[in-house]
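Asker: This is run.csv (CSV, C-alpha atoms).
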chain,number,residue,atom,x,y,z
A,1398,MET,CA,35.7,27.2,-8.6
A,1399,SER,CA,32.9,25.8,-6.5
A,1400,GLY,CA,30.2,26.2,-9.2
A,1401,PRO,CA,29.3,27.8,-12.5
A,1402,PRO,CA,29.5,31.6,-12.7
A,1403,SER,CA,26.3,33.1,-11.4
A,1404,ASN,CA,25.8,35.0,-14.6
A,1405,LEU,CA,25.4,31.7,-16.5
A,1406,ILE,CA,22.7,30.3,-14.2
A,1407,THR,CA,19.3,31.0,-15.6
A,1408,THR,CA,16.1,30.9,-13.6
A,1409,ASP,CA,15.2,27.5,-15.1
A,1410,LEU,CA,18.6,26.0,-14.4
A,1411,GLN,CA,18.5,27.3,-10.8
A,1412,ALA,CA,15.2,25.7,-10.3
A,1413,GLU,CA,16.5,22.4,-11.7
A,1414,LEU,CA,19.6,22.5,-9.4
A,1415,GLU,CA,17.4,23.0,-6.4
A,1416,ARG,CA,15.2,20.1,-7.5
A,1417,LEU,CA,18.2,17.9,-7.9
A,1418,ARG,CA,19.6,18.9,-4.5
A,1419,ALA,CA,16.3,18.1,-2.9
A,1420,GLU,CA,16.2,14.7,-4.6
A,1421,VAL,CA,19.7,13.8,-3.5
A,1422,ALA,CA,18.8,14.8,0.1
A,1423,GLN,CA,15.7,12.6,0.0
A,1424,LEU,CA,17.7,9.7,-1.3
A,1425,LYS,CA,20.3,10.1,1.4
A,1426,GLN,CA,17.6,10.2,4.1
A,1427,ALA,CA,15.9,7.2,2.6
A,1428,LYS,CA,19.2,5.2,2.7
A,1429,LYS,CA,19.8,6.3,6.3
A,1430,ASN,CA,16.3,5.2,7.3
A,1431,VAL,CA,16.7,1.9,5.6
A,1432,GLN,CA,20.1,1.1,7.2
A,1433,HIS,CA,19.0,2.3,10.7
A,1434,SER,CA,15.3,2.0,10.6
A,1435,VAL,CA,13.1,2.7,13.7
A,1436,GLU,CA,10.1,0.7,14.7
A,1437,THR,CA,7.8,0.6,11.7
A,1438,ASP,CA,5.5,-1.8,9.8
A,1439,ASP,CA,6.1,-0.1,6.5
A,1440,TRP,CA,8.8,-2.6,5.3
A,1441,GLY,CA,7.7,-5.9,4.0
A,1442,THR,CA,9.6,-9.2,4.1
A,1443,PRO,CA,11.0,-10.4,0.7
A,1444,VAL,CA,8.4,-12.7,-0.9
A,1445,PRO,CA,11.0,-15.6,-1.5
A,1446,LEU,CA,11.7,-15.7,2.3
A,1447,VAL,CA,8.0,-15.7,3.2
A,1448,GLU,CA,7.1,-18.4,0.8
A,1449,ALA,CA,10.1,-20.5,1.8
A,1450,GLY,CA,8.9,-20.3,5.4
A,1451,ARG,CA,5.3,-21.2,4.4
A,1452,ARG,CA,6.5,-24.3,2.7
A,1453,VAL,CA,8.7,-25.3,5.7
A,1454,LEU,CA,6.0,-24.7,8.4
A,1455,GLY,CA,2.9,-25.2,6.3
A,1456,GLY,CA,1.5,-21.8,7.2
A,1457,PHE,CA,1.7,-19.2,9.9
A,1458,ASP,CA,-0.6,-19.0,12.9
A,1459,PHE,CA,0.6,-15.6,14.1
A,1460,ASP,CA,2.8,-12.7,13.2
A,1461,PRO,CA,3.4,-10.3,16.1
A,1462,PHE,CA,5.0,-7.5,14.1
A,1463,SER,CA,2.8,-6.7,11.1
A,1464,SER,CA,0.1,-4.6,9.7
A,1465,ASP,CA,-3.2,-5.2,7.9
A,1466,TYR,CA,-1.5,-4.3,4.6
A,1467,TRP,CA,1.5,-6.6,4.9
A,1468,ASN,CA,-0.5,-9.5,6.3
A,1469,TYR,CA,-2.9,-9.3,3.4
A,1470,TRP,CA,-0.2,-9.1,0.7
A,1471,THR,CA,2.6,-11.3,2.0
A,1472,VAL,CA,2.5,-13.2,5.3
A,1473,LYS,CA,-1.2,-14.2,5.5
A,1474,ALA,CA,-1.0,-15.3,9.1
A,1475,ALA,CA,-4.2,-16.5,10.8
A,1476,LEU,CA,-3.6,-13.8,13.5
A,1477,HIS,CA,-1.4,-10.7,13.3
A,1478,TYR,CA,-0.6,-7.8,15.5
A,1479,THR,CA,0.0,-4.2,14.4
A,1480,ALA,CA,2.2,-1.6,16.0
A,1481,ASP,CA,-1.0,-0.3,17.9
A,1482,ASP,CA,-1.5,-3.8,19.3
A,1483,ASN,CA,2.1,-4.0,20.7
A,1484,GLY,CA,2.9,-7.6,19.7
A,1485,MET,CA,5.4,-7.9,22.5
A,1486,ALA,CA,2.6,-7.8,25.0
A,1487,GLN,CA,0.3,-10.3,23.2
A,1488,PRO,CA,0.1,-14.1,23.6
A,1489,TRP,CA,2.2,-16.1,21.2
A,1490,SER,CA,1.3,-19.7,20.3
A,1491,GLY,CA,1.5,-22.1,17.4
A,1492,ARG,CA,3.5,-21.5,14.2
A,1493,GLY,CA,5.0,-18.0,14.2
A,1494,PHE,CA,6.5,-15.7,11.6
A,1495,PHE,CA,9.0,-13.1,12.9
A,1496,ASN,CA,10.5,-10.1,11.2
A,1497,PRO,CA,10.7,-7.6,14.0
A,1498,PRO,CA,11.4,-3.9,13.5
A,1499,SER,CA,14.6,-2.4,14.8
A,1500,GLY,CA,14.8,0.3,17.4
A,1501,LYS,CA,14.8,0.0,21.2
A,1502,VAL,CA,12.4,-1.3,23.7
A,1503,PRO,CA,10.7,1.8,25.1
A,1504,GLY,CA,12.5,3.1,28.1
A,1505,THR,CA,15.5,0.9,27.7
A,1506,ARG,CA,18.7,0.6,25.7
A,1507,LYS,CA,17.9,-3.0,24.6
A,1508,SER,CA,17.1,-3.6,20.9
A,1509,LEU,CA,13.6,-4.6,20.2
A,1510,ALA,CA,14.8,-7.3,17.8
A,1511,ARG,CA,16.9,-9.0,20.6
A,1512,ALA,CA,14.0,-8.7,23.1
A,1513,ALA,CA,11.7,-10.3,20.5
A,1514,TRP,CA,14.2,-13.1,19.8
A,1515,GLU,CA,14.6,-13.8,23.5
A,1516,ARG,CA,10.9,-13.9,24.1
A,1517,LEU,CA,10.4,-16.2,21.2
A,1518,VAL,CA,13.0,-18.7,22.5
A,1519,GLU,CA,11.4,-18.5,26.0
A,1520,HIS,CA,8.0,-19.3,24.5
A,1521,TRP,CA,9.5,-22.1,22.4
A,1522,LEU,CA,11.2,-23.7,25.3
A,1523,ARG,CA,7.9,-23.7,27.2
A,1524,GLY,CA,6.1,-25.2,24.3
A,1525,GLU,CA,3.8,-22.2,23.7
A,1526,VAL,CA,5.3,-21.5,20.3
A,1527,ASP,CA,5.6,-24.8,18.6
A,1528,CYS,CA,7.8,-23.6,15.7
A,1529,ALA,CA,8.8,-20.4,14.0
A,1530,LEU,CA,10.5,-18.7,11.1
A,1531,TRP,CA,12.8,-15.8,12.1
A,1532,VAL,CA,13.9,-13.3,9.5
A,1533,GLY,CA,17.1,-11.4,10.5
A,1534,TYR,CA,17.2,-8.0,8.8
A,1535,SER,CA,21.0,-7.9,9.0
A,1536,LEU,CA,23.9,-10.2,9.7
A,1537,GLU,CA,24.9,-7.7,12.4
A,1538,GLN,CA,22.1,-9.2,14.5
A,1539,LEU,CA,24.1,-12.4,14.8
A,1540,THR,CA,26.8,-10.4,16.6
A,1541,ASN,CA,24.4,-8.4,18.7
A,1542,PHE,CA,22.6,-11.6,19.9
A,1543,GLN,CA,25.7,-13.2,21.3
A,1544,GLY,CA,24.7,-12.1,24.8
A,1545,SER,CA,21.3,-13.8,24.6
A,1546,PRO,CA,20.8,-17.1,26.5
A,1547,MET,CA,20.4,-18.9,23.1
A,1548,HIS,CA,21.6,-17.8,19.7
A,1549,PRO,CA,20.0,-18.2,16.2
A,1550,LEU,CA,23.0,-20.3,15.0
A,1551,GLN,CA,21.9,-23.0,17.5
A,1552,TRP,CA,19.1,-23.7,15.0
A,1553,TRP,CA,19.2,-24.2,11.3
A,1554,THR,CA,20.1,-20.9,9.7
A,1555,VAL,CA,20.5,-19.9,6.1
A,1556,MET,CA,22.3,-16.8,4.9
A,1557,PRO,CA,21.1,-16.2,1.3
A,1558,CYS,CA,23.9,-15.8,-1.2
A,1559,GLU,CA,22.3,-12.7,-2.6
A,1560,ARG,CA,20.9,-9.7,-0.8
A,1561,GLN,CA,17.2,-10.0,-0.4
A,1562,ALA,CA,15.3,-6.9,-1.3
A,1563,PHE,CA,12.7,-5.9,1.2
A,1564,LEU,CA,9.4,-4.5,0.0
A,1565,ILE,CA,7.7,-1.1,0.2
A,1566,ARG,CA,4.0,-0.3,-0.2
A,1567,GLY,CA,2.6,0.0,-3.7
A,1568,ASP,CA,0.4,2.8,-4.8
A,1569,GLY,CA,-2.6,3.2,-2.5
A,1570,ASP,CA,-3.4,-0.3,-1.2
A,1571,GLY,CA,-2.0,-2.0,-4.2
A,1572,PRO,CA,0.6,-4.8,-4.4
A,1573,PRO,CA,4.0,-4.0,-2.7
A,1574,VAL,CA,7.1,-3.4,-4.8
A,1575,GLU,CA,10.7,-4.3,-4.2
A,1576,SER,CA,13.0,-1.6,-2.7
A,1577,THR,CA,16.7,-1.2,-2.9
A,1578,ALA,CA,17.0,-1.9,0.8
A,1579,PRO,CA,18.8,-3.2,2.6
A,1580,SER,CA,22.3,-2.8,1.2
A,1581,HIS,CA,23.6,-5.6,3.5
A,1582,GLY,CA,22.9,-9.3,3.8
A,1583,ASN,CA,20.2,-11.0,5.9
A,1584,TYR,CA,19.5,-14.4,7.4
A,1585,VAL,CA,16.7,-16.8,8.2
A,1586,THR,CA,16.4,-19.1,11.1
A,1587,LEU,CA,14.1,-22.1,11.7
A,1588,LEU,CA,12.9,-23.0,15.2
A,1589,HIS,CA,11.6,-26.4,14.5
A,1590,SER,CA,8.6,-28.1,16.1
A,1591,ARG,CA,9.2,-28.8,19.8
A,1592,ARG,CA,6.1,-31.0,20.3
A,1593,ASP,CA,6.7,-33.5,17.4
A,1594,PRO,CA,10.1,-34.9,16.7
A,1595,GLU,CA,9.0,-36.4,13.4
A,1596,LEU,CA,7.5,-33.1,12.3
A,1597,ALA,CA,10.7,-31.3,13.4
A,1598,ARG,CA,12.8,-33.6,11.2
A,1599,ALA,CA,10.5,-33.0,8.2
A,1600,GLN,CA,10.7,-29.2,8.8
A,1601,ALA,CA,14.5,-29.4,8.9
A,1602,HIS,CA,14.6,-31.4,5.7
A,1603,ARG,CA,12.3,-28.8,3.9
A,1604,PHE,CA,14.4,-26.0,5.3
A,1605,ARG,CA,17.6,-27.4,4.0
A,1606,ALA,CA,15.9,-27.8,0.6
A,1607,GLU,CA,14.8,-24.1,0.7
A,1608,ALA,CA,18.3,-23.1,1.8
A,1609,GLN,CA,19.7,-24.7,-1.4
A,1610,ARG,CA,17.6,-22.2,-3.4
A,1611,LEU,CA,18.7,-19.2,-1.3
A,1612,GLY,CA,22.3,-19.9,-0.4
A,1613,GLY,CA,24.7,-22.0,1.8
A,1614,ILE,CA,23.4,-23.4,5.0
A,1615,ALA,CA,25.0,-22.4,8.3
A,1616,GLY,CA,24.2,-24.3,11.4
A,1617,ALA,CA,22.8,-25.7,13.4
A,1618,LEU,CA,25.8,-25.6,15.7
A,1619,VAL,CA,24.5,-27.6,18.6
A,1620,ARG,CA,21.0,-28.6,17.6
A,1621,PRO,CA,21.2,-30.7,14.4
A,1622,LEU,CA,18.3,-32.8,13.3
Go ahead and render the structure in this file as structure tokens.
Answerer:
Amino acid sequence: MSGPPSNLITTDLQAELERLRAEVAQLKQAKKNVQHSVETDDWGTPVPLVEAGRRVLGGFDFDPFSSDYWNYWTVKAALHYTADDNGMAQPWSGRGFFNPPSGKVPGTRKSLARAAWERLVEHWLRGEVDCALWVGYSLEQLTNFQGSPMHPLQWWTVMPCERQAFLIRGDGDGPPVESTAPSHGNYVTLLHSRRDPELARAQAHRFRAEAQRLGGIAGALVRPL
């Protein structure tokens, strides 16, 4: 039998069944959107990761993938770009915070996250970005980035022992709240100061201390300090 006999379903029960079906459909869609999200600034970085990065770098000069809401409540970068600004086309310099959205670079099959990572490394090598904190939304990125000229594991990288819950907007413009997303693990990578070796060593020391709070340290594979 696929369901209760029709003669036992009252109007109220039918309405409740329809409501539950709609709720289940919404939950399934929300889970799908979280696991395979498109470009959006509606997901906030977990506060423990942001605060760890702030302690390591001393603050953030810019965030190329943000919004007014998230910059106010969490990152608090001196300069931030929204989706309308197209952060990939803007100048990057100083201390950066990076938590790029997923999706593809318009008109290509290349992931936006990988394009952002490769541009960050390029700017770091040129000395335009002095240092940065990179938040990887999923460990799968570490596989997808293997074709890049340089890989996150060439720098100090921590994979938190516990899944870090990303944030969603609160009511109105109120404080954000934790979501149940993502269902998988994430990672954080430090690109240390390029201009100042002493500062770089201090950042690496602070990063290792933060890593002890979050989980086991992995890396750097070829760039230890």
Asker: What's around Asn1583 of chain A at 10 Å? Count all atoms listed in the file, leave out sequence neighbours fewer than 4 positions away in its own chain, and write the answer as a list in words.
Answerer: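 Counting only the stated atoms, we get Val1532, Gly1533, Tyr1534, Ser1535, Leu1536, Glu1537, Gln1538, Leu1539, Val1555, Met1556, Pro1557, Cys1558, Glu1559, Arg1560, Gln1561, Ala1562 and Pro1579 of chain A.
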Asker: Given only C-alpha atoms as the basis, pick out the residue of A:Arg1603, A:Val1453, A:Glu1595, A:Phe1563 nearest to Glu1575 of chain A.
Answerer: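 The closest residue to Glu1575 of chain A is A:Phe1563.
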Asker: Atom CA of His1477 of chain A and atom CA of Phe1459 of chain A, how far apart in Å?
Answerer: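 Computed distance, atom CA of Phe1459 of chain A to atom CA of His1477 of chain A, equals 5.4 Å.
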Asker: Just want the 7 Å neighbourhood of segment 1523-1531 of chain A, counted on only C-alpha atoms, with same-chain residues fewer than 2 positions away dropped. Output as a list in words.
Answerer: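 Those residues are Gly1450, Trp1489, Ser1490, Gly1491, Arg1492, Gly1493, Phe1494, Phe1495, Asn1496, Glu1519, His1520, Trp1521, Gly1533, Val1585, Thr1586, Leu1587, Leu1588, His1589, Ser1590, Arg1591 and Arg1592 of chain A.
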Asker: Please save C-alpha atoms of the selected residues as a CSV table (one decimal), in the frame of the given file.
Answerer:
chain,number,residue,atom,x,y,z
A,1450,GLY,CA,8.9,-20.3,5.4
A,1489,TRP,CA,2.2,-16.1,21.2
A,1490,SER,CA,1.3,-19.7,20.3
A,1491,GLY,CA,1.5,-22.1,17.4
A,1492,ARG,CA,3.5,-21.5,14.2
A,1493,GLY,CA,5.0,-18.0,14.2
A,1494,PHE,CA,6.5,-15.7,11.6
A,1495,PHE,CA,9.0,-13.1,12.9
A,1496,ASN,CA,10.5,-10.1,11.2
A,1519,GLU,CA,11.4,-18.5,26.0
A,1520,HIS,CA,8.0,-19.3,24.5
A,1521,TRP,CA,9.5,-22.1,22.4
A,1533,GLY,CA,17.1,-11.4,10.5
A,1585,VAL,CA,16.7,-16.8,8.2
A,1586,THR,CA,16.4,-19.1,11.1
A,1587,LEU,CA,14.1,-22.1,11.7
A,1588,LEU,CA,12.9,-23.0,15.2
A,1589,HIS,CA,11.6,-26.4,14.5
A,1590,SER,CA,8.6,-28.1,16.1
A,1591,ARG,CA,9.2,-28.8,19.8
A,1592,ARG,CA,6.1,-31.0,20.3
Asker: For atom CA of Ala1608 of chain A and atom CA of Ser1545 of chain A, quote the distance in Å rounded to one decimal.
Answerer: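 Between atom CA of Ala1608 of chain A and atom CA of Ser1545 of chain A the gap is 24.8 Å.
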Asker: Using all atoms listed in the file, which of the listed residues (A:Thr1471, A:Ala1512, A:Gly1504, A:Arg1605) sits closest to Pro1445 of chain A?
Answerer: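 Among the listed residues, the smallest separation from Pro1445 of chain A belongs to A:Thr1471.
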Asker: Just to confirm, what's the straight-line distance from atom CA of Pro1572 of chain A to atom CA of Thr1479 of chain A in Å (one decimal)?
Answerer: 18.8 Å
Asker: Could you pull the residues within 10 Å of Glu1448 of chain A, counting all atoms listed in the file, minus those fewer than 5 positions along the same chain, as a list in words?
Answerer: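 Result of the neighbour search: Pro1443, Val1453, Leu1454, Gly1455, Gly1456, Thr1471, Val1472 and Glu1607 of chain A.
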Asker: Would you please work out which residue, of A:Asn1468, A:Gln1551, A:Ser1463, A:Ser1576, is nearest to Val1518 of chain A when using only C-alpha atoms?
Answerer: A:Gln1551
Asker: Which of these, A:Ala1606, A:Leu1522, A:Met1485, A:Val1444, has the shortest distance to Pro1546 of chain A once you count only C-alpha atoms?
Answerer: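 Comparing A:Ala1606, A:Leu1522, A:Met1485, A:Val1444 against Pro1546 of chain A, the winner is A:Leu1522.
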Asker: Could you list, as a ChimeraX atom specification, every residue within 7 Å of Ala1510 of chain A, counting only C-alpha atoms and ignoring same-chain residues fewer than 6 positions away?
Answerer: /A:1497-1499
Asker: Skip Ile1565 of chain A itself and residues of its chain fewer than 4 positions away, then list as an NGL selection string all residues within 6 Å of it, counting only C-alpha atoms.
Answerer: :A and (1440 or 1573-1574)
Asker: Which residue, A:Asp1460, A:Pro1549, A:Pro1503, A:Tyr1466, has the smallest gap to Asp1568 of chain A when you use all atoms listed in the file?
Answerer: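 Of the candidates, the smallest distance to Asp1568 of chain A is held by A:Tyr1466.
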Asker: When distances are computed from all atoms listed in the file, which of A:Leu1596, A:Arg1452, A:Ala1513, A:Asp1439 shows the smallest separation from Ala1480 of chain A?
Answerer: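 For Ala1480 of chain A, the nearest of the given residues is A:Asp1439.
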Asker: Can you pull segment 1465-1547 of chain A out of that block with C-alpha atoms and hand it back as a CSV table (one decimal), in the first residue's frame?
Answerer:
chain,number,residue,atom,x,y,z
A,1465,ASP,CA,28.2,45.1,3.0
A,1466,TYR,CA,26.4,42.7,5.4
A,1467,TRP,CA,29.2,40.2,5.9
A,1468,ASN,CA,31.9,42.7,6.1
A,1469,TYR,CA,30.1,44.6,8.8
A,1470,TRP,CA,29.3,41.5,10.9
A,1471,THR,CA,32.3,39.2,10.4
A,1472,VAL,CA,35.4,40.1,8.3
A,1473,LYS,CA,35.6,43.8,8.9
A,1474,ALA,CA,38.1,44.4,6.1
A,1475,ALA,CA,39.3,48.0,5.4
A,1476,LEU,CA,38.1,47.5,1.8
A,1477,HIS,CA,35.7,44.9,0.4
A,1478,TYR,CA,34.2,44.2,-2.9
A,1479,THR,CA,30.7,42.9,-3.5
A,1480,ALA,CA,29.4,40.7,-6.4
A,1481,ASP,CA,28.4,43.9,-8.2
A,1482,ASP,CA,32.0,45.2,-8.0
A,1483,ASN,CA,33.5,41.9,-9.5
A,1484,GLY,CA,36.4,41.4,-7.1
A,1485,MET,CA,38.3,39.4,-9.6
A,1486,ALA,CA,38.7,42.6,-11.7
A,1487,GLN,CA,39.7,44.8,-8.8
A,1488,PRO,CA,43.2,45.6,-7.5
A,1489,TRP,CA,44.5,43.5,-4.6
A,1490,SER,CA,47.1,44.6,-2.2
A,1491,GLY,CA,48.1,44.3,1.5
A,1492,ARG,CA,46.6,41.7,3.8
A,1493,GLY,CA,43.8,39.8,2.1
A,1494,PHE,CA,40.9,37.6,3.3
A,1495,PHE,CA,39.7,35.1,0.8
A,1496,ASN,CA,36.6,32.9,0.9
A,1497,PRO,CA,35.5,32.9,-2.8
A,1498,PRO,CA,32.2,31.6,-4.0
A,1499,SER,CA,32.0,28.4,-6.1
A,1500,GLY,CA,30.7,28.4,-9.6
A,1501,LYS,CA,32.5,29.0,-12.9
A,1502,VAL,CA,34.3,32.0,-14.3
A,1503,PRO,CA,31.8,33.5,-16.7
A,1504,GLY,CA,32.2,32.1,-20.2
A,1505,THR,CA,34.6,29.3,-19.1
A,1506,ARG,CA,34.6,25.9,-17.5
A,1507,LYS,CA,37.2,27.0,-14.9
A,1508,SER,CA,36.1,27.2,-11.3
A,1509,LEU,CA,35.9,30.7,-9.8
A,1510,ALA,CA,37.7,29.4,-6.6
A,1511,ARG,CA,40.6,28.1,-8.6
A,1512,ALA,CA,40.9,31.3,-10.7
A,1513,ALA,CA,40.8,33.3,-7.5
A,1514,TRP,CA,43.5,31.1,-5.9
A,1515,GLU,CA,45.8,31.4,-8.9
A,1516,ARG,CA,45.4,35.2,-9.1
A,1517,LEU,CA,46.1,35.4,-5.4
A,1518,VAL,CA,49.3,33.4,-5.8
A,1519,GLU,CA,50.4,35.6,-8.7
A,1520,HIS,CA,49.8,38.8,-6.8
A,1521,TRP,CA,51.6,37.3,-3.8
A,1522,LEU,CA,54.6,36.4,-5.9
A,1523,ARG,CA,54.8,39.9,-7.3
A,1524,GLY,CA,54.6,41.4,-3.8
A,1525,GLU,CA,51.3,43.2,-4.4
A,1526,VAL,CA,49.5,41.0,-1.8
A,1527,ASP,CA,51.8,40.8,1.2
A,1528,CYS,CA,49.9,38.1,3.0
A,1529,ALA,CA,46.5,36.4,3.0
A,1530,LEU,CA,44.2,34.0,4.7
A,1531,TRP,CA,42.5,31.6,2.3
A,1532,VAL,CA,39.4,29.7,3.5
A,1533,GLY,CA,38.7,26.5,1.4
A,1534,TYR,CA,35.0,25.7,1.5
A,1535,SER,CA,35.7,22.0,0.9
A,1536,LEU,CA,38.6,19.6,1.0
A,1537,GLU,CA,37.7,18.7,-2.6
A,1538,GLN,CA,39.3,22.0,-3.6
A,1539,LEU,CA,42.7,20.5,-2.6
A,1540,THR,CA,42.2,17.9,-5.3
A,1541,ASN,CA,40.8,20.4,-7.9
A,1542,PHE,CA,43.7,22.8,-7.4
A,1543,GLN,CA,46.4,20.2,-8.2
A,1544,GLY,CA,46.7,21.5,-11.7
A,1545,SER,CA,47.5,25.0,-10.5
A,1546,PRO,CA,51.1,26.3,-10.7
A,1547,MET,CA,51.2,26.3,-6.9
